[in-house]
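Student: Just entry-v3.cif, nothing more (mmCIF, C-alpha atoms and all ligand atoms):
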data_target
loop_
_atom_site.label_atom_id
_atom_site.label_comp_id
_atom_site.auth_asym_id
_atom_site.auth_seq_id
_atom_site.Cartn_x
_atom_site.Cartn_y
_atom_site.Cartn_z
CA MET A 496 -42.01 61.49 190.44
CA ASN A 497 -38.24 61.47 190.81
CA ILE A 498 -36.38 60.58 187.61
CA LYS A 499 -32.65 61.08 188.10
CA PRO A 500 -30.36 62.12 185.23
CA LEU A 501 -28.79 59.15 183.44
CA ALA A 502 -25.52 61.05 183.00
CA PRO A 503 -24.24 63.34 185.77
CA ARG A 504 -24.65 67.00 185.01
CA SER A 505 -21.12 67.48 186.31
CA ASP A 506 -19.83 65.65 183.19
CA PHE A 507 -21.11 68.55 181.05
CA PRO A 508 -19.14 71.74 181.69
CA LEU A 509 -21.83 74.06 180.28
CA LEU A 510 -24.56 72.55 182.45
CA ALA A 511 -22.30 72.36 185.51
CA GLY A 512 -21.49 76.03 185.05
CA ASP A 513 -25.15 77.06 184.88
CA PRO A 514 -26.97 75.00 187.54
CA LYS A 515 -30.26 76.84 187.03
CA LEU A 516 -30.50 76.09 183.32
CA HIS A 517 -33.18 73.63 182.21
CA TYR A 518 -31.83 72.68 178.80
CA LEU A 519 -34.70 71.14 176.83
CA ASP A 520 -33.50 71.59 173.27
CA SER A 521 -31.34 68.52 172.67
CA ALA A 522 -33.23 67.64 169.47
CA ALA A 523 -31.66 70.82 168.04
CA THR A 524 -28.23 70.15 169.50
CA THR A 525 -26.90 68.42 172.61
CA GLN A 526 -24.50 69.65 175.25
CA LYS A 527 -21.02 68.10 175.20
CA PRO A 528 -19.37 66.03 177.93
CA GLN A 529 -15.85 66.86 179.12
CA ALA A 530 -14.67 63.61 177.47
CA VAL A 531 -15.52 65.05 174.04
CA LEU A 532 -13.83 68.39 174.75
CA ASP A 533 -10.74 66.53 176.02
CA ALA A 534 -10.60 64.29 172.94
CA ILE A 535 -10.66 67.34 170.67
CA SER A 536 -7.99 69.27 172.53
CA GLY A 537 -5.92 66.08 172.96
CA TYR A 538 -5.98 65.57 169.21
CA TYR A 539 -4.66 69.09 168.60
CA GLU A 540 -2.12 68.79 171.41
CA ARG A 541 -0.68 65.44 170.23
CA ASP A 542 -1.69 64.33 166.75
CA ASN A 543 -2.58 67.26 164.52
CA ALA A 544 -1.37 67.18 160.90
CA ASN A 545 -3.10 66.83 157.55
CA PRO A 546 -3.98 63.12 157.31
CA HIS A 547 -3.48 60.87 154.27
CA ARG A 548 -1.00 63.26 152.68
CA GLY A 549 2.21 63.17 154.68
CA ALA A 550 4.73 60.34 154.97
CA TYR A 551 5.99 61.68 158.30
CA THR A 552 5.07 60.32 161.74
CA LEU A 553 2.69 63.07 162.79
CA SER A 554 0.63 62.81 159.62
CA ALA A 555 0.43 59.07 160.19
CA ALA A 556 -0.84 59.79 163.72
CA ALA A 557 -3.58 62.05 162.33
CA THR A 558 -4.52 59.40 159.75
CA GLU A 559 -4.65 56.78 162.48
CA ALA A 560 -6.82 59.02 164.74
CA TYR A 561 -9.24 59.62 161.86
CA GLN A 562 -9.49 55.93 160.89
CA THR A 563 -9.82 54.76 164.50
CA ALA A 564 -12.68 57.23 164.95
CA ARG A 565 -14.38 55.87 161.81
CA ASP A 566 -14.02 52.32 163.11
CA SER A 567 -15.63 53.06 166.47
CA ILE A 568 -18.48 55.18 165.06
CA ALA A 569 -19.29 52.51 162.44
CA ARG A 570 -19.27 49.84 165.16
CA PHE A 571 -21.58 51.97 167.34
CA LEU A 572 -24.05 52.30 164.45
CA GLY A 573 -23.91 48.59 163.67
CA ALA A 574 -22.00 48.70 160.36
CA ALA A 575 -19.42 45.89 160.11
CA ASP A 576 -17.63 47.59 157.20
CA PRO A 577 -16.24 50.93 158.46
CA ASP A 578 -15.37 52.06 154.93
CA THR A 579 -19.08 52.34 154.17
CA LEU A 580 -19.29 55.18 156.70
CA ILE A 581 -18.73 58.42 154.81
CA PHE A 582 -17.99 61.39 157.03
CA THR A 583 -19.96 64.51 156.10
CA ARG A 584 -20.89 67.74 157.87
CA GLY A 585 -24.05 66.04 159.12
CA THR A 586 -27.47 64.76 158.12
CA THR A 587 -28.17 67.62 155.71
CA GLU A 588 -25.00 67.08 153.74
CA SER A 589 -25.46 63.28 153.77
CA LEU A 590 -28.94 63.54 152.26
CA ASN A 591 -27.81 66.12 149.70
CA LEU A 592 -24.95 63.81 148.76
CA LEU A 593 -27.38 61.00 148.01
CA ALA A 594 -30.01 63.09 146.26
CA THR A 595 -27.35 64.74 144.11
CA ALA A 596 -24.86 61.98 143.34
CA TRP A 597 -27.16 58.95 143.30
CA GLY A 598 -30.25 60.91 142.29
CA HIS A 599 -28.94 62.54 139.14
CA ALA A 600 -27.37 59.27 137.99
CA ASN A 601 -30.47 57.15 138.59
CA VAL A 602 -33.70 59.17 138.52
CA LYS A 603 -35.33 60.26 135.28
CA LYS A 604 -38.61 61.57 133.91
CA GLY A 605 -41.46 59.18 134.61
CA ASP A 606 -39.88 57.82 137.81
CA ARG A 607 -41.41 58.46 141.21
CA ILE A 608 -39.84 59.75 144.44
CA VAL A 609 -41.75 59.15 147.68
CA VAL A 610 -41.21 61.03 150.95
CA THR A 611 -43.48 61.38 153.98
CA ARG A 612 -45.39 64.27 155.52
CA LEU A 613 -43.18 63.99 158.63
CA GLU A 614 -39.91 64.95 156.98
CA HIS A 615 -37.47 67.60 158.11
CA HIS A 616 -36.66 69.93 155.21
CA ALA A 617 -33.26 68.19 154.92
CA ASN A 618 -35.05 65.01 153.80
CA PHE A 619 -37.71 66.77 151.77
CA VAL A 620 -36.24 69.64 149.76
CA PRO A 621 -33.31 67.73 148.16
CA TRP A 622 -35.77 65.07 146.85
CA GLN A 623 -38.33 67.65 145.77
CA GLN A 624 -35.64 69.53 143.85
CA LEU A 625 -34.33 66.30 142.32
CA ALA A 626 -37.86 65.62 141.06
CA LEU A 627 -38.14 69.14 139.63
CA ALA A 628 -34.77 68.86 137.91
CA THR A 629 -35.37 65.41 136.40
CA GLY A 630 -39.10 65.52 135.70
CA ALA A 631 -39.75 62.69 138.16
CA GLU A 632 -43.01 62.64 140.11
CA PHE A 633 -42.74 63.75 143.77
CA ARG A 634 -45.28 62.14 146.11
CA ILE A 635 -45.83 62.73 149.82
CA CYS A 636 -47.22 59.95 152.01
CA GLU A 637 -49.81 61.36 154.41
CA LEU A 638 -50.12 60.48 158.10
CA THR A 639 -52.72 58.87 160.32
CA ALA A 640 -54.70 61.05 162.73
CA GLU A 641 -52.09 60.25 165.40
CA GLY A 642 -49.21 61.56 163.31
CA GLU A 643 -47.81 58.23 162.16
CA ILE A 644 -46.93 57.21 158.60
CA ASP A 645 -49.97 55.57 157.03
CA LEU A 646 -48.41 52.31 155.83
CA ALA A 647 -51.43 51.36 153.71
CA LYS A 648 -51.16 54.68 151.87
CA LEU A 649 -47.41 54.23 151.55
CA SER A 650 -47.87 50.78 149.98
CA GLU A 651 -50.23 52.29 147.39
CA LEU A 652 -47.86 55.17 146.63
CA VAL A 653 -44.80 52.98 146.16
CA THR A 654 -45.46 51.81 142.62
CA LYS A 655 -43.19 49.98 140.17
CA ASN A 656 -41.70 53.23 138.88
CA THR A 657 -40.66 54.38 142.40
CA LYS A 658 -36.90 54.83 142.65
CA VAL A 659 -36.53 56.03 146.24
CA VAL A 660 -38.50 56.14 149.49
CA ALA A 661 -37.03 58.72 151.88
CA PHE A 662 -38.24 58.81 155.49
CA GLY A 663 -37.08 59.68 158.97
CA HIS A 664 -36.29 57.31 161.82
CA VAL A 665 -37.84 59.66 164.42
CA SER A 666 -39.70 62.90 163.73
CA ASN A 667 -37.94 65.95 165.15
CA ALA A 668 -41.21 67.91 165.15
CA ILE A 669 -43.70 65.58 166.85
CA GLY A 670 -41.55 62.63 167.94
CA THR A 671 -43.10 59.80 165.88
CA VAL A 672 -40.87 56.70 165.83
CA ASN A 673 -41.23 55.05 162.45
CA PRO A 674 -41.23 51.30 161.70
CA VAL A 675 -38.01 51.43 159.68
CA ALA A 676 -37.86 47.76 158.62
CA GLU A 677 -41.49 47.76 157.44
CA ILE A 678 -41.02 50.92 155.40
CA ALA A 679 -37.78 49.58 153.90
CA ALA A 680 -39.60 46.36 152.95
CA ILE A 681 -42.29 48.37 151.13
CA ALA A 682 -39.56 50.20 149.19
CA HIS A 683 -37.69 47.01 148.39
CA ARG A 684 -40.79 45.26 147.01
CA VAL A 685 -40.41 47.43 143.92
CA GLY A 686 -36.61 47.69 144.02
CA ALA A 687 -36.64 51.28 145.29
CA LEU A 688 -33.90 52.66 147.53
CA ALA A 689 -34.84 53.01 151.22
CA VAL A 690 -33.18 56.13 152.65
CA CYS A 691 -33.49 56.86 156.35
CA ASP A 692 -32.86 60.24 158.00
CA GLY A 693 -31.43 59.16 161.34
CA ALA A 694 -30.76 62.62 162.80
CA GLN A 695 -33.18 61.88 165.65
CA GLY A 696 -32.64 58.11 165.62
CA ALA A 697 -28.90 57.59 166.10
CA PRO A 698 -28.69 59.71 169.30
CA HIS A 699 -31.51 57.85 171.03
CA LEU A 700 -31.91 54.30 169.71
CA THR A 701 -29.67 51.37 168.82
CA VAL A 702 -29.34 51.70 165.05
CA GLY A 703 -27.89 48.32 163.99
CA PHE A 704 -27.39 49.43 160.40
CA ASP A 705 -26.51 46.00 158.99
CA SER A 706 -29.84 44.51 160.11
CA LEU A 707 -31.98 47.66 159.88
CA GLY A 708 -33.05 46.99 156.29
CA VAL A 709 -32.37 50.43 154.78
CA ASP A 710 -29.88 51.17 152.01
CA ALA A 711 -28.61 54.41 153.51
CA TYR A 712 -28.73 56.11 156.91
CA ALA A 713 -27.80 59.74 157.62
CA PHE A 714 -26.91 61.21 161.04
CA SER A 715 -25.43 64.27 162.78
CA GLY A 716 -22.75 64.14 165.48
CA HIS A 717 -23.84 67.28 167.30
CA LYS A 718 -27.21 65.72 168.19
CA MET A 719 -25.47 62.80 169.95
CA LEU A 720 -23.04 64.61 172.29
CA GLY A 721 -20.44 65.15 169.55
CA PRO A 722 -19.16 68.37 167.99
CA MET A 723 -20.85 70.38 165.24
CA GLY A 724 -19.73 69.99 161.63
CA ILE A 725 -19.37 66.19 161.65
CA GLY A 726 -21.82 63.44 160.87
CA GLY A 727 -22.15 60.80 158.28
CA LEU A 728 -23.83 58.64 155.74
CA ILE A 729 -23.72 54.89 156.15
CA ALA A 730 -24.77 53.00 153.05
CA LYS A 731 -24.54 49.59 151.45
CA ARG A 732 -21.17 49.10 149.78
CA ASP A 733 -22.58 48.29 146.32
CA LEU A 734 -24.69 51.45 146.40
CA LEU A 735 -21.69 53.63 147.24
CA GLU A 736 -19.49 51.90 144.69
CA SER A 737 -22.03 52.31 141.91
CA MET A 738 -22.60 56.02 142.60
CA PRO A 739 -20.54 58.82 141.08
CA PRO A 740 -18.68 61.07 143.54
CA TYR A 741 -20.37 64.11 145.06
CA GLN A 742 -17.51 66.58 145.30
CA MET A 743 -14.22 66.60 143.44
CA GLY A 744 -10.75 67.47 144.69
CA GLY A 745 -7.97 66.09 146.83
CA ASP A 746 -8.10 62.62 148.40
CA MET A 747 -11.05 61.37 146.35
CA ILE A 748 -9.05 60.56 143.22
CA ALA A 749 -6.97 57.56 142.16
CA LEU A 750 -5.40 58.94 138.97
CA VAL A 751 -5.85 62.35 137.40
CA GLY A 752 -5.10 62.37 133.69
CA ASP A 753 -5.21 65.44 131.49
CA ASN A 754 -8.61 64.44 130.16
CA ALA A 755 -10.05 61.96 132.65
CA THR A 756 -9.89 61.00 136.32
CA THR A 757 -10.47 57.78 138.23
CA TRP A 758 -11.82 57.63 141.76
CA ASN A 759 -10.28 56.48 145.02
CA VAL A 760 -11.73 53.53 146.97
CA LEU A 761 -14.32 53.93 149.72
CA PRO A 762 -14.64 55.93 151.88
CA HIS A 763 -12.24 58.42 150.25
CA LYS A 764 -14.21 58.63 146.99
CA PHE A 765 -16.84 60.66 148.88
CA GLU A 766 -14.52 62.68 151.13
CA ALA A 767 -12.93 65.34 148.94
CA GLY A 768 -10.54 67.78 150.60
CA THR A 769 -9.01 67.97 154.06
CA PRO A 770 -11.30 66.05 156.41
CA ASN A 771 -12.71 67.12 159.77
CA VAL A 772 -10.40 64.97 161.90
CA GLU A 773 -11.13 66.94 165.05
CA GLY A 774 -14.85 66.32 164.52
CA ALA A 775 -14.40 62.60 163.93
CA VAL A 776 -12.23 62.24 167.03
CA GLY A 777 -14.75 64.21 169.11
CA LEU A 778 -17.66 62.15 167.79
CA ALA A 779 -15.81 58.91 168.56
CA ALA A 780 -15.45 60.11 172.16
CA ALA A 781 -19.18 60.93 172.20
CA VAL A 782 -20.19 57.46 171.04
CA GLY A 783 -17.80 56.00 173.61
CA TYR A 784 -19.63 58.01 176.25
CA LEU A 785 -23.03 56.82 174.99
CA GLU A 786 -21.79 53.22 174.91
CA SER A 787 -20.71 53.51 178.53
CA LEU A 788 -24.23 54.67 179.44
CA GLY A 789 -25.83 51.94 177.28
CA MET A 790 -28.25 52.83 174.47
CA ASP A 791 -31.03 50.75 176.03
CA LYS A 792 -30.74 52.85 179.16
CA VAL A 793 -30.65 56.08 177.12
CA HIS A 794 -33.90 55.10 175.44
CA ALA A 795 -35.56 53.97 178.68
CA HIS A 796 -34.55 57.22 180.40
CA GLU A 797 -36.03 59.38 177.65
CA THR A 798 -39.20 57.31 177.55
CA ALA A 799 -39.67 57.80 181.29
CA LEU A 800 -39.19 61.57 180.96
CA VAL A 801 -41.55 61.81 177.98
CA ARG A 802 -44.27 59.82 179.74
CA TYR A 803 -43.98 61.97 182.83
CA ALA A 804 -43.97 65.20 180.78
CA THR A 805 -46.96 64.05 178.72
CA GLU A 806 -49.01 63.15 181.78
CA ARG A 807 -48.29 66.44 183.48
CA LEU A 808 -48.69 68.69 180.43
CA ALA A 809 -52.02 67.03 179.64
CA THR A 810 -53.42 68.51 182.87
CA ILE A 811 -52.89 72.09 181.61
CA GLU A 812 -56.06 73.57 180.18
CA ASP A 813 -55.87 74.86 176.59
CA LEU A 814 -52.70 72.87 175.93
CA THR A 815 -52.74 70.50 172.94
CA LEU A 816 -50.11 67.78 172.66
CA LEU A 817 -49.21 66.81 169.10
CA GLY A 818 -48.00 63.46 167.83
CA PRO A 819 -48.56 59.84 168.80
CA PRO A 820 -49.04 58.53 172.36
CA ALA A 821 -45.96 58.71 174.60
CA VAL A 822 -45.28 54.96 174.29
CA ARG A 823 -44.69 55.34 170.55
CA ARG A 824 -42.82 58.65 170.73
CA GLY A 825 -39.12 59.58 170.88
CA GLY A 826 -37.63 61.83 173.56
CA LEU A 827 -39.64 64.97 172.95
CA VAL A 828 -42.99 66.66 173.52
CA SER A 829 -44.47 69.12 171.03
CA PHE A 830 -47.47 71.23 171.95
CA THR A 831 -49.50 74.37 171.39
CA LEU A 832 -51.15 76.59 173.99
CA ARG A 833 -54.31 78.35 172.89
CA ASP A 834 -53.93 82.13 172.45
CA VAL A 835 -50.18 82.04 173.15
CA HIS A 836 -47.80 82.06 170.20
CA PRO A 837 -45.00 79.49 170.63
CA HIS A 838 -42.40 82.24 170.19
CA ASP A 839 -43.92 84.24 173.05
CA LEU A 840 -44.16 81.12 175.17
CA SER A 841 -40.53 80.17 174.59
CA GLN A 842 -39.41 83.68 175.51
CA LEU A 843 -41.43 83.60 178.71
CA LEU A 844 -39.96 80.19 179.52
CA ASP A 845 -36.48 81.52 178.81
CA ALA A 846 -37.02 84.12 181.53
CA GLU A 847 -37.40 81.11 183.89
CA ASN A 848 -34.14 79.55 182.57
CA ILE A 849 -36.00 76.99 180.49
CA ALA A 850 -34.59 76.55 176.98
CA VAL A 851 -37.16 75.09 174.56
CA ARG A 852 -37.57 75.46 170.80
CA ALA A 853 -40.47 77.21 169.14
CA GLY A 854 -41.24 77.34 165.45
CA HIS A 855 -41.92 75.08 162.49
CA HIS A 856 -38.93 72.84 163.34
CA CYS A 857 -37.86 72.81 159.67
CA ALA A 858 -40.99 70.81 158.89
CA GLN A 859 -43.31 73.28 157.14
CA PRO A 860 -45.12 70.59 155.09
CA LEU A 861 -45.98 68.84 158.39
CA MET A 862 -47.08 72.07 160.10
CA ARG A 863 -49.46 72.78 157.19
CA ALA A 864 -51.01 69.34 157.55
CA LEU A 865 -51.39 69.82 161.31
CA GLY A 866 -53.02 73.20 160.71
CA VAL A 867 -50.52 75.12 162.87
CA ASN A 868 -47.77 77.61 162.05
CA ALA A 869 -45.53 76.52 164.85
CA THR A 870 -45.32 74.46 168.04
CA THR A 871 -43.34 74.60 171.25
CA ARG A 872 -41.01 71.62 171.60
CA ALA A 873 -39.20 70.33 174.68
CA SER A 874 -36.67 67.59 173.98
CA PHE A 875 -34.84 65.45 176.51
CA TYR A 876 -31.50 63.73 176.74
CA VAL A 877 -29.26 61.88 179.14
CA TYR A 878 -28.57 64.87 181.43
CA ASN A 879 -32.25 65.78 181.97
CA ASP A 880 -34.26 64.72 184.98
CA SER A 881 -37.76 65.12 186.38
CA SER A 882 -36.91 68.55 187.83
CA ASP A 883 -36.61 69.79 184.22
CA VAL A 884 -40.11 68.48 183.49
CA ASP A 885 -41.47 70.01 186.72
CA ALA A 886 -39.96 73.40 185.87
CA LEU A 887 -41.39 73.26 182.35
CA VAL A 888 -44.88 72.26 183.46
CA SER A 889 -45.19 74.84 186.21
CA ALA A 890 -43.84 77.63 183.96
CA VAL A 891 -46.25 76.72 181.12
CA ALA A 892 -49.15 76.52 183.58
CA HIS A 893 -48.20 79.92 184.92
CA VAL A 894 -48.11 81.46 181.43
CA ARG A 895 -51.50 79.94 180.68
CA GLU A 896 -53.01 81.48 183.82
CA ARG A 897 -51.60 84.90 182.96
CA PHE A 898 -52.91 84.78 179.40
CA ALA A 899 -56.29 83.36 180.41
CA ALA A 900 -56.68 86.33 182.75
CA THR A 901 -55.97 88.84 179.97
CA VAL A 902 -57.80 87.30 176.99
N1 LIG B 1 -33.33 65.65 160.00
C1 LIG B 1 -33.88 65.76 161.20
C2 LIG B 1 -34.99 64.82 161.59
C3 LIG B 1 -33.43 66.72 162.10
O1 LIG B 1 -33.96 66.82 163.31
C4 LIG B 1 -32.38 67.58 161.70
C5 LIG B 1 -31.93 68.67 162.57
O2 LIG B 1 -32.68 69.18 163.36
C6 LIG B 1 -31.82 67.40 160.43
C7 LIG B 1 -32.33 66.43 159.60
C8 LIG B 1 -30.69 68.25 159.95
O3 LIG B 1 -29.57 68.00 160.73
P1 LIG B 1 -28.24 68.88 160.55
O4 LIG B 1 -28.68 70.30 160.67
O5 LIG B 1 -27.37 68.43 161.69
O6 LIG B 1 -27.69 68.55 159.23
#
Using structure tokens, write down the structure that the file contains.
Ligand code: PLP
Tutor:
Amino acid sequence: MNIKPLAPRSDFPLLAGDPKLHYLDSAATTQKPQAVLDAISGYYERDNANPHRGAYTLSAAATEAYQTARDSIARFLGAADPDTLIFTRGTTESLNLLATAWGHANVKKGDRIVVTRLEHHANFVPWQQLALATGAEFRICELTAEGEIDLAKLSELVTKNTKVVAFGHVSNAIGTVNPVAEIAAIAHRVGALAVCDGAQGAPHLTVGFDSLGVDAYAFSGHKMLGPMGIGGLIAKRDLLESMPPYQMGGDMIALVGDNATTWNVLPHKFEAGTPNVEGAVGLAAAVGYLESLGMDKVHAHETALVRYATERLATIEDLTLLGPPAVRRGGLVSFTLRDVHPHDLSQLLDAENIAVRAGHHCAQPLMRALGVNATTRASFYVYNDSSDVDALVSAVAHVRERFAATV
């Protein structure tokens, strides 16, 4: 099989500088194209000032760069109203914002919060802690044998007193792609909020927020070719307007009286303090790069790599692949190898210049249900090709032979 990279490796300085590296950890963070690095340095070389605060030309340029970035990222994610895109540090902060600001204003004793067994800790712990703080009931929807959300169970769990259903677009641990619209419809039947963790969705699939059906969608820039420390929360305007602010300080106020304060309009109400303009500008360049590749092609490329990897890994004795069949899985493979701890395996692979992740993938509740402590995960993106899969498969097969000989 010869699957060529969708994006040339030469566009990515780190990969170009290390031709032997098989980088298979893009679900953790992606490498950055030169276009993103150039956008960041260009911003500092030409436009840097504190936005929103200065009346002078340079501050206006920084404000303009920040707002233009918001416009293009919102467009990329399918939100017609750019002011409903709140910039945050990433998915974790976006979900904490919702669970804290919306949660404490709307959830009380006797209410129910529903999450799923697939969740990353970022979409699990904030809701669990909200339940503990308010006295609400915290319920976890279990999975089918193939690692997919059991929609029948979810329908039963989402009762009239349910205030929020929080679920991921794509599982970072086993790759399950969830039926977002169906889950949102189950939540909406009882008037609950549908909150989607898009950390592994936005980089790989067309999001189309306005027709997706959810009330809020969280994402991280660094997982979609952008810089670290920037991401966002897109939410319905009425939800954001009805919520109290999350953090207080500069930019988010309208009027500060001695005894009371009023809030700025969206998006500023949720963006207290000096914003990460560099991050927004870098992320806008990243989405421009993804748009030039085409998200349909990004998805098709990853699917081809995952299918190939799944077929080849399945031939290795003692290797167990986790998660749904490749056709219903995002751009990653997660597996265990009998008698070899994932940490040992990833170190042995590292010696062959193969970078994979090993561990619980910030999904301990899922690992418990799967009956494993950890898995080895290889995740693909636009710069990977079939030679990365070949290297992975032959190195894993080699490790298996060595261990089989010694056990
Ligand atoms: N949710 C999922 C599904 C993830 O994969 C991750 C990161 O791995 C996160 C949330 C947290 O993202 P961040 O660390 O960028 O906030």
Student: Can you tell me which residues surround region 569-584 of chain A at a distance of at most 9 Å, considering only C-alpha atoms, apart from same-chain residues fewer than 5 positions away, and format the answer as a short mmCIF file (atom, residue, chain, number, x, y, z; two decimals) with C-alpha atoms, in the coordinates of the input?
Tutor:
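Result went into selection-v7.cif, see below:
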data_model
loop_
_atom_site.label_atom_id
_atom_site.label_comp_id
_atom_site.auth_asym_id
_atom_site.auth_seq_id
_atom_site.Cartn_x
_atom_site.Cartn_y
_atom_site.Cartn_z
CA GLN A 562 -9.49 55.93 160.89
CA ALA A 564 -12.68 57.23 164.95
CA SER A 589 -25.46 63.28 153.77
CA LEU A 592 -24.95 63.81 148.76
CA ALA A 697 -28.90 57.59 166.10
CA THR A 701 -29.67 51.37 168.82
CA VAL A 702 -29.34 51.70 165.05
CA GLY A 703 -27.89 48.32 163.99
CA PHE A 704 -27.39 49.43 160.40
CA ASP A 705 -26.51 46.00 158.99
CA SER A 706 -29.84 44.51 160.11
CA LEU A 707 -31.98 47.66 159.88
CA SER A 715 -25.43 64.27 162.78
CA GLY A 716 -22.75 64.14 165.48
CA MET A 723 -20.85 70.38 165.24
CA GLY A 724 -19.73 69.99 161.63
CA ILE A 725 -19.37 66.19 161.65
CA GLY A 726 -21.82 63.44 160.87
CA GLY A 727 -22.15 60.80 158.28
CA LEU A 728 -23.83 58.64 155.74
CA ILE A 729 -23.72 54.89 156.15
CA ALA A 730 -24.77 53.00 153.05
CA LYS A 731 -24.54 49.59 151.45
CA ARG A 732 -21.17 49.10 149.78
CA LEU A 735 -21.69 53.63 147.24
CA VAL A 760 -11.73 53.53 146.97
CA LEU A 761 -14.32 53.93 149.72
CA PRO A 762 -14.64 55.93 151.88
CA HIS A 763 -12.24 58.42 150.25
CA PHE A 765 -16.84 60.66 148.88
CA GLU A 766 -14.52 62.68 151.13
CA PRO A 770 -11.30 66.05 156.41
CA ASN A 771 -12.71 67.12 159.77
CA ALA A 775 -14.40 62.60 163.93
CA VAL A 782 -20.19 57.46 171.04
CA GLY A 783 -17.80 56.00 173.61
CA GLU A 786 -21.79 53.22 174.91
#
Student: For CA of Thr595 (chain A) and CA of Ser737 (chain A), quote the distance in Å rounded to one decimal.
Tutor: 13.7 Å
Student: Report as an mmCIF file with C-alpha atoms, in the frame of the given file all protein, DNA and RNA residues lying within 10 Å of region 642-644 of chain A, evaluated on only C-alpha atoms, omitting residues in the same chain fewer than 5 positions from it.
Tutor:
data_model
loop_
_atom_site.group_PDB
_atom_site.id
_atom_site.type_symbol
_atom_site.label_atom_id
_atom_site.label_comp_id
_atom_site.auth_asym_id
_atom_site.auth_seq_id
_atom_site.Cartn_x
_atom_site.Cartn_y
_atom_site.Cartn_z
ATOM 1 C CA THR A 611 -43.480 61.380 153.980
ATOM 2 C CA ARG A 612 -45.390 64.270 155.520
ATOM 3 C CA LEU A 613 -43.180 63.990 158.630
ATOM 4 C CA CYS A 636 -47.220 59.950 152.010
ATOM 5 C CA GLU A 637 -49.810 61.360 154.410
ATOM 6 C CA LEU A 649 -47.410 54.230 151.550
ATOM 7 C CA PHE A 662 -38.240 58.810 155.490
ATOM 8 C CA SER A 666 -39.700 62.900 163.730
ATOM 9 C CA ILE A 669 -43.700 65.580 166.850
ATOM 10 C CA GLY A 670 -41.550 62.630 167.940
ATOM 11 C CA THR A 671 -43.100 59.800 165.880
ATOM 12 C CA VAL A 672 -40.870 56.700 165.830
ATOM 13 C CA ASN A 673 -41.230 55.050 162.450
ATOM 14 C CA PRO A 674 -41.230 51.300 161.700
ATOM 15 C CA ILE A 678 -41.020 50.920 155.400
ATOM 16 C CA LEU A 817 -49.210 66.810 169.100
ATOM 17 C CA GLY A 818 -48.000 63.460 167.830
ATOM 18 C CA PRO A 819 -48.560 59.840 168.800
ATOM 19 C CA PRO A 820 -49.040 58.530 172.360
ATOM 20 C CA ARG A 823 -44.690 55.340 170.550
ATOM 21 C CA ARG A 824 -42.820 58.650 170.730
ATOM 22 C CA LEU A 861 -45.980 68.840 158.390
ATOM 23 C CA ALA A 864 -51.010 69.340 157.550
ATOM 24 C CA LEU A 865 -51.390 69.820 161.310
#
Student: With ligand LIG 1 (chain B) as the partner and 10 Å as the cut-off, tabulate the residues of chain A that qualify, each row holding the nearest pair of atoms and their distance in Å to one decimal, using only C-alpha atoms and all ligand atoms, sorted by chain and rising number, as CSV.
Tutor:
residue,atom,partner,partner_atom,distance
A:Ser521,CA,B:LIG1,O2,9.4
A:Ala522,CA,B:LIG1,O1,6.3
A:Ala523,CA,B:LIG1,O2,5.1
A:Thr524,CA,B:LIG1,O2,7.6
A:Thr583,CA,B:LIG1,O6,9.3
A:Arg584,CA,B:LIG1,O6,7.0
A:Gly585,CA,B:LIG1,O6,4.4
A:Thr586,CA,B:LIG1,O6,4.0
A:Thr587,CA,B:LIG1,O6,3.7
A:Glu588,CA,B:LIG1,O6,6.3
A:Ser589,CA,B:LIG1,O6,7.9
A:Leu590,CA,B:LIG1,C7,8.6
A:Asn591,CA,B:LIG1,O6,9.8
A:Leu613,CA,B:LIG1,C2,8.7
A:Glu614,CA,B:LIG1,C2,6.7
A:His615,CA,B:LIG1,N1,5.0
A:His616,CA,B:LIG1,C7,7.1
A:Ala617,CA,B:LIG1,C7,5.1
A:Asn618,CA,B:LIG1,N1,6.5
A:Phe619,CA,B:LIG1,N1,9.4
A:Phe662,CA,B:LIG1,C2,9.2
A:Gly663,CA,B:LIG1,C2,6.1
A:His664,CA,B:LIG1,C2,7.6
A:Val665,CA,B:LIG1,C2,6.5
A:Ser666,CA,B:LIG1,C2,5.5
A:Asn667,CA,B:LIG1,O1,4.5
A:Ala668,CA,B:LIG1,O1,7.6
A:Gly670,CA,B:LIG1,C2,9.4
A:Cys691,CA,B:LIG1,N1,9.5
A:Asp692,CA,B:LIG1,N1,5.8
A:Gly693,CA,B:LIG1,C2,6.7
A:Ala694,CA,B:LIG1,C1,4.7
A:Gln695,CA,B:LIG1,C2,5.3
A:Gly696,CA,B:LIG1,C2,8.2
A:Ala713,CA,B:LIG1,C7,8.3
A:Phe714,CA,B:LIG1,O5,7.3
A:Ser715,CA,B:LIG1,O5,4.7
A:Gly716,CA,B:LIG1,O5,7.4
A:His717,CA,B:LIG1,O5,6.7
A:Lys718,CA,B:LIG1,O5,7.0
A:Met723,CA,B:LIG1,O5,7.7
A:Gly724,CA,B:LIG1,O5,7.8
A:Ile725,CA,B:LIG1,O5,8.3
A:Gly726,CA,B:LIG1,O5,7.5
A:Gly727,CA,B:LIG1,O6,9.6
A:His856,CA,B:LIG1,O2,7.2
A:Cys857,CA,B:LIG1,O2,7.3
A:Ala858,CA,B:LIG1,C2,8.9
Student: Counting all atoms listed in the file, what is within 8 Å of Trp622 (chain A), bar same-chain residues fewer than 6 positions away, as a PyMOL selection string?
Tutor: chain A and resi 594+608+610+633
Student: For Tyr803 (chain A), list every protein, DNA or RNA residue within 9 Å, evaluated using all atoms listed in the file, and leave out those in the same chain fewer than 4 positions away; present the list as a PyMOL selection string.
Tutor: chain A and resi 496+798-799+807-808+881+884
